[in-house]
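Engineer: The structure that follows is given in the form of structure tokens.
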Protein chains: 2
Amino acid sequence: MKLGEGVEWAAHCAIIVAGLAGRSTIPGKALAEYHGVSETYLLKHLKALVTAGILESVPGPRGGYRLARDAAEITLLDIVEAIDGKQPVFRCTEIRQRGPTAVEACAYRGPCGINRAMLSAEAAWRLALAEHTLASLAAGVAISADPRVISRTGEWLARNERKSAS
Amino acid sequence: MKLGEGVEWAAHCAIIVAGLAGRSTIPGKALAEYHGVSETYLLKHLKALVTAGILESVPGPRGGYRLARDAAEITLLDIVEAIDGKQPVFRCTEIRQRGPTAVEACAYRGPCGINRAMLSAEAAWRLALAEHTLASLAAGVAISADPRVISRTGEWLARNERKSAS
DNA sequence: ATAATCATGGATGATTTATATCCATGATTC
DNA sequence: GAATCATGGATATAAATCATCCATGATTAT
Ligand code: SF4
Ligand code: SF4
């Protein structure tokens, strides 16, 4: 079992976008270069964030992405679900309904204990993810970063940020 | 993200094995037929359970599998980790060390906030899984099962269980 | 208006992982 | 010695993921 690396990309992008001033935007191309990842593929993930209501996109020259709502209102769970989907991690294939002891399907009502245990564990996972907001994550990343990285990132932001007129 | 269905197979097999009397065993072939799944592939998963110290295997005629320790000492987490591995679900690819703002690798000490948040959420998941033992799961499955299934399973067990001499 | 910039969406191919099979080997019991 | 069963490796198939390409439409600067 493995979480797609698109989630890591999206989380990093979201944190950078959260660091923009006001309603400024940053183009997807810049985000791809910054992280050294495939541009066209990253755009797909950014689109997923837009669809999920996490980011806003503005097209055209001087366009790009910005947060759709406050950074404190966006959780890590939102990002994971936007990229990876909301499907349960454990998907019962109903093997109890196969083999020589099976009876009619209608006799099996509701999920069994295994399924329930799996789903409740998943709920605990999601709950833990939802406790981290984009705001708290951004703070953590900033603290642990090397001073040189911070200054380089500042310069890079100055070159790529599209300041909002308003 | 998806948990392999081998986990579902292994969990069901473990519950059945847990229901055997004393030190009786049951052959892998019977378990495969019971669940209507590929025999050769299921054997691989059963082997994983043996390696993990969850099951014991006895070769030869009248051989098969039995629990390696008490059902109350085997958790759902043990089974998941035996089949799916213990690798973290979120695997940081260190994209912060790529792109134009990167500096020497030694400047990045320890995991960042994103990684820490992911890993702590995973820990919550594992903790929840560890709260369910094979004993409690077996009880839950028995309660929710249809009477006909229980009786058919009893007959099937009578045919396939290899009673222990001792 | 025109051109440049950028997001969107679908189609497509490559890569990796999961699933499944096959066969040879060794251990154990009858 | 023969039958039964687990083990292990090699290998094939299916599916999910990762990545690219190209055509389209929307927006802004000139
Ligand atoms: S017993 Fe649980 S996990 Fe197994 S097939 Fe039924 S619902 Fe699914
Ligand atoms: S910031 Fe966190 S998730 Fe991103 S590359 Fe670094 S350790 Fe990994």
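As shown in the structure tokens, the chain order sets the letters A, B, ...; within each chain, residues go from 1, and ligands are also counted from 1 in the order they appear.
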Pick out the residues no farther than 12 Å from ligand 2, counting only C-alpha atoms (C1' of nucleotides) and all ligand atoms, and list them as a ChimeraX atom specification.

Structural biologist: /A:3-16,35-37,76,137-146,149 /B:90-99,102,105,107-119

Engineer: If you count only C-alpha atoms (C1' of nucleotides), which residues fall within 12 Å of C:DG9, apart from same-chain ones fewer than 6 positions away, as a tab-separated table (two decimals) with N, CA and C atoms (P, O5', C5', C4', C3', O3' and C1' of nucleotides), in the first residue's frame?

Structural biologist:
```tsv
chain	number	residue	atom	x	y	z
A	43	LEU	N	0.14	19.73	-13.40
A	43	LEU	CA	-1.06	20.51	-13.70
A	43	LEU	C	-2.31	19.68	-13.45
A	44	LYS	N	-2.23	18.40	-13.71
A	44	LYS	CA	-3.39	17.55	-13.45
A	44	LYS	C	-3.73	17.55	-11.96
A	47	LYS	N	-5.19	20.78	-10.96
A	47	LYS	CA	-6.60	20.81	-11.39
A	47	LYS	C	-7.48	20.10	-10.36
D	22	DC	P	2.88	16.34	-29.76
D	22	DC	O5'	1.35	16.76	-29.89
D	22	DC	C5'	0.35	15.74	-30.04
D	22	DC	C4'	-1.03	16.36	-29.89
D	22	DC	C3'	-1.18	17.74	-30.54
D	22	DC	O3'	-2.39	17.78	-31.26
D	22	DC	C1'	-1.92	17.80	-28.32
D	23	DA	P	-2.63	18.97	-32.36
D	23	DA	O5'	-4.18	19.29	-32.16
D	23	DA	C5'	-5.07	18.25	-31.73
D	23	DA	C4'	-6.21	18.86	-30.91
D	23	DA	C3'	-6.68	20.22	-31.42
D	23	DA	O3'	-8.10	20.24	-31.43
D	23	DA	C1'	-6.10	20.38	-29.15
D	24	DT	P	-8.87	21.55	-31.97
D	24	DT	O5'	-9.37	22.24	-30.63
D	24	DT	C5'	-10.05	21.46	-29.64
D	24	DT	C4'	-10.34	22.32	-28.42
D	24	DT	C3'	-10.83	23.74	-28.75
D	24	DT	O3'	-12.13	23.91	-28.24
D	24	DT	C1'	-9.17	23.76	-27.05
D	25	DG	P	-12.92	25.29	-28.60
D	25	DG	O5'	-12.83	26.10	-27.23
D	25	DG	C5'	-13.08	25.43	-25.99
D	25	DG	C4'	-12.74	26.34	-24.84
D	25	DG	C3'	-13.21	27.78	-25.01
D	25	DG	O3'	-13.70	28.27	-23.77
D	25	DG	C1'	-10.89	27.75	-24.68
```

Engineer: Against chain D, which residues of chain A fall within 9 Å? For each one I want the closest pair of atoms and the distance in Å (one decimal), counting only C-alpha atoms (C1' of nucleotides), rows by chain and increasing residue number, as a tab-separated table.

Structural biologist:
```
residue	atom	partner	partner_atom	distance
A:Gly4	CA	D:DT17	C1'	7.8
A:Ser38	CA	D:DA19	C1'	7.4
A:Thr40	CA	D:DT20	C1'	7.4
A:Tyr41	CA	D:DA19	C1'	6.2
A:Val58	CA	D:DT27	C1'	8.1
A:Pro59	CA	D:DT27	C1'	5.6
A:Gly60	CA	D:DT27	C1'	4.1
A:Pro61	CA	D:DT28	C1'	5.5
A:Arg62	CA	D:DT28	C1'	7.5
A:Gly63	CA	D:DT27	C1'	8.3
```

Engineer: Could you please determine the separation between atom CA of B:Tyr34 and atom CA of B:Pro147 in Å, to one decimal place?

Structural biologist: 17.1 Å

Engineer: Suppose you want the space between atom CA of A:Ile54 and atom CA of A:Ile79; what is it in Å?

Structural biologist: 7.8 Å

Engineer: Write out as a list of chain:residue names all residues of chain A that backbone DSSP assigns to strand (DSSP E or B).

Structural biologist: A:Thr25, A:Ile26, A:Leu55, A:Glu56, A:Ser57, A:Val58, A:Gly64, A:Tyr65, A:Arg66, A:Leu67, A:Thr75, A:Thr133, A:Arg162

Engineer: So how many Å separate atom CA of A:Arg126 and atom CA of B:His132, to one decimal?

Structural biologist: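 Atom-to-atom, atom CA of A:Arg126 to atom CA of B:His132, that is 18.5 Å.
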
Engineer: Which parts of stretch 23-123 of chain B does DSSP call alpha helix (DSSP H) when run on the backbone here, written out as number ranges by chain?

Structural biologist: B: 28-35, 39-51, 76-84, 113-123

Engineer: Give me the residues near A:Ala71 as number ranges by chain, where near means some atom within 7 Å (using only C-alpha atoms (C1' of nucleotides)) and where sequence neighbours in that chain fewer than 3 positions away do not count.

Structural biologist: A: 18, 74, 133-135

Engineer: Give me a file of those residues, with all heavy atoms, as an mmCIF file, in the first residue's frame.

Structural biologist:
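Just written: result39.cif:
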```
data_model
loop_
_atom_site.group_PDB
_atom_site.id
_atom_site.type_symbol
_atom_site.label_atom_id
_atom_site.label_comp_id
_atom_site.auth_asym_id
_atom_site.auth_seq_id
_atom_site.Cartn_x
_atom_site.Cartn_y
_atom_site.Cartn_z
ATOM 1 N N ALA A 18 -0.046 29.021 -0.316
ATOM 2 C CA ALA A 18 -0.536 29.633 0.927
ATOM 3 C C ALA A 18 0.363 30.774 1.370
ATOM 4 O O ALA A 18 -0.072 31.662 2.117
ATOM 5 C CB ALA A 18 -0.630 28.574 2.028
ATOM 6 N N ILE A 74 -8.015 24.767 5.383
ATOM 7 C CA ILE A 74 -7.640 23.677 4.475
ATOM 8 C C ILE A 74 -6.798 22.682 5.253
ATOM 9 O O ILE A 74 -5.737 23.026 5.767
ATOM 10 C CB ILE A 74 -6.843 24.222 3.273
ATOM 11 C CG1 ILE A 74 -7.695 25.204 2.471
ATOM 12 C CG2 ILE A 74 -6.390 23.066 2.385
ATOM 13 C CD1 ILE A 74 -6.941 25.901 1.367
ATOM 14 N N THR A 133 -3.654 21.756 9.459
ATOM 15 C CA THR A 133 -4.111 22.684 8.429
ATOM 16 C C THR A 133 -2.920 23.177 7.618
ATOM 17 O O THR A 133 -1.768 23.029 8.028
ATOM 18 C CB THR A 133 -4.812 23.900 9.044
ATOM 19 O OG1 THR A 133 -3.819 24.723 9.670
ATOM 20 C CG2 THR A 133 -5.836 23.462 10.068
ATOM 21 N N LEU A 134 -3.247 23.756 6.492
ATOM 22 C CA LEU A 134 -2.205 24.316 5.641
ATOM 23 C C LEU A 134 -1.416 25.373 6.406
ATOM 24 O O LEU A 134 -0.200 25.498 6.235
ATOM 25 C CB LEU A 134 -2.858 24.936 4.398
ATOM 26 C CG LEU A 134 -2.103 24.806 3.094
ATOM 27 C CD1 LEU A 134 -1.606 23.389 2.906
ATOM 28 C CD2 LEU A 134 -2.990 25.223 1.956
ATOM 29 N N ALA A 135 -2.094 26.099 7.255
ATOM 30 C CA ALA A 135 -1.430 27.156 8.029
ATOM 31 C C ALA A 135 -0.406 26.547 8.983
ATOM 32 O O ALA A 135 0.754 26.982 9.053
ATOM 33 C CB ALA A 135 -2.471 27.962 8.800
#
```

Engineer: Taking only C-alpha atoms (C1' of nucleotides) into account, what are the residues of chain C at most 12 Å from chain B, put as a list in words?

Structural biologist: DT17, DA18, DT19, DA20, DT21, DC22, DC23, DG26, DA27, DT28, DT29 and DC30 of chain C

Engineer: What's around A:Glu161 at 7 Å? Count only C-alpha atoms (C1' of nucleotides), leave out sequence neighbours fewer than 5 positions away in its own chain, and write the answer as a ChimeraX atom specification.

Structural biologist: /A:24-26

Engineer: Write the residues of the selection above to a file with all heavy atoms, as a PDB file, in the first residue's frame.

Structural biologist:
```pdb
ATOM      1  N   SER A  24      -2.594  37.339  -4.725  1.00  0.00           N
ATOM      2  CA  SER A  24      -1.616  37.087  -5.780  1.00  0.00           C
ATOM      3  C   SER A  24      -1.716  35.640  -6.258  1.00  0.00           C
ATOM      4  O   SER A  24      -2.241  34.781  -5.556  1.00  0.00           O
ATOM      5  CB  SER A  24      -0.205  37.357  -5.258  1.00  0.00           C
ATOM      6  OG  SER A  24      -0.086  38.671  -4.792  1.00  0.00           O
ATOM      7  N   THR A  25      -1.188  35.379  -7.436  1.00  0.00           N
ATOM      8  CA  THR A  25      -1.207  34.020  -7.971  1.00  0.00           C
ATOM      9  C   THR A  25       0.200  33.612  -8.386  1.00  0.00           C
ATOM     10  O   THR A  25       1.107  34.435  -8.478  1.00  0.00           O
ATOM     11  CB  THR A  25      -2.131  33.910  -9.204  1.00  0.00           C
ATOM     12  OG1 THR A  25      -1.579  34.712 -10.252  1.00  0.00           O
ATOM     13  CG2 THR A  25      -3.531  34.363  -8.883  1.00  0.00           C
ATOM     14  N   ILE A  26       0.330  32.323  -8.653  1.00  0.00           N
ATOM     15  CA  ILE A  26       1.599  31.808  -9.162  1.00  0.00           C
ATOM     16  C   ILE A  26       1.278  30.777 -10.229  1.00  0.00           C
ATOM     17  O   ILE A  26       0.370  29.960 -10.058  1.00  0.00           O
ATOM     18  CB  ILE A  26       2.439  31.206  -8.015  1.00  0.00           C
ATOM     19  CG1 ILE A  26       3.857  30.946  -8.492  1.00  0.00           C
ATOM     20  CG2 ILE A  26       1.806  29.949  -7.470  1.00  0.00           C
ATOM     21  CD1 ILE A  26       4.809  30.661  -7.359  1.00  0.00           C
TER      22      ILE A  26
END
```

Engineer: Hey, which of A:Ala158, A:Leu20, A:Leu46, A:Leu31 ends up closest to chain B? Count only C-alpha atoms.

Structural biologist: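 Answer, going by the shortest atom-to-atom distance: A:Leu31.
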
Engineer: Give me the residues within 9 Å of A:Ala52 as a list of chain:residue names, counting only C-alpha atoms (C1' of nucleotides) and dropping any in the same chain fewer than 2 places off.

Structural biologist: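 The neighbour list is A:Lys47, A:Ala48, A:Leu49, A:Val50, A:Ile54, A:Leu55, A:Asp78, A:Ile79, A:Glu81, A:Ala82, A:Ile83.
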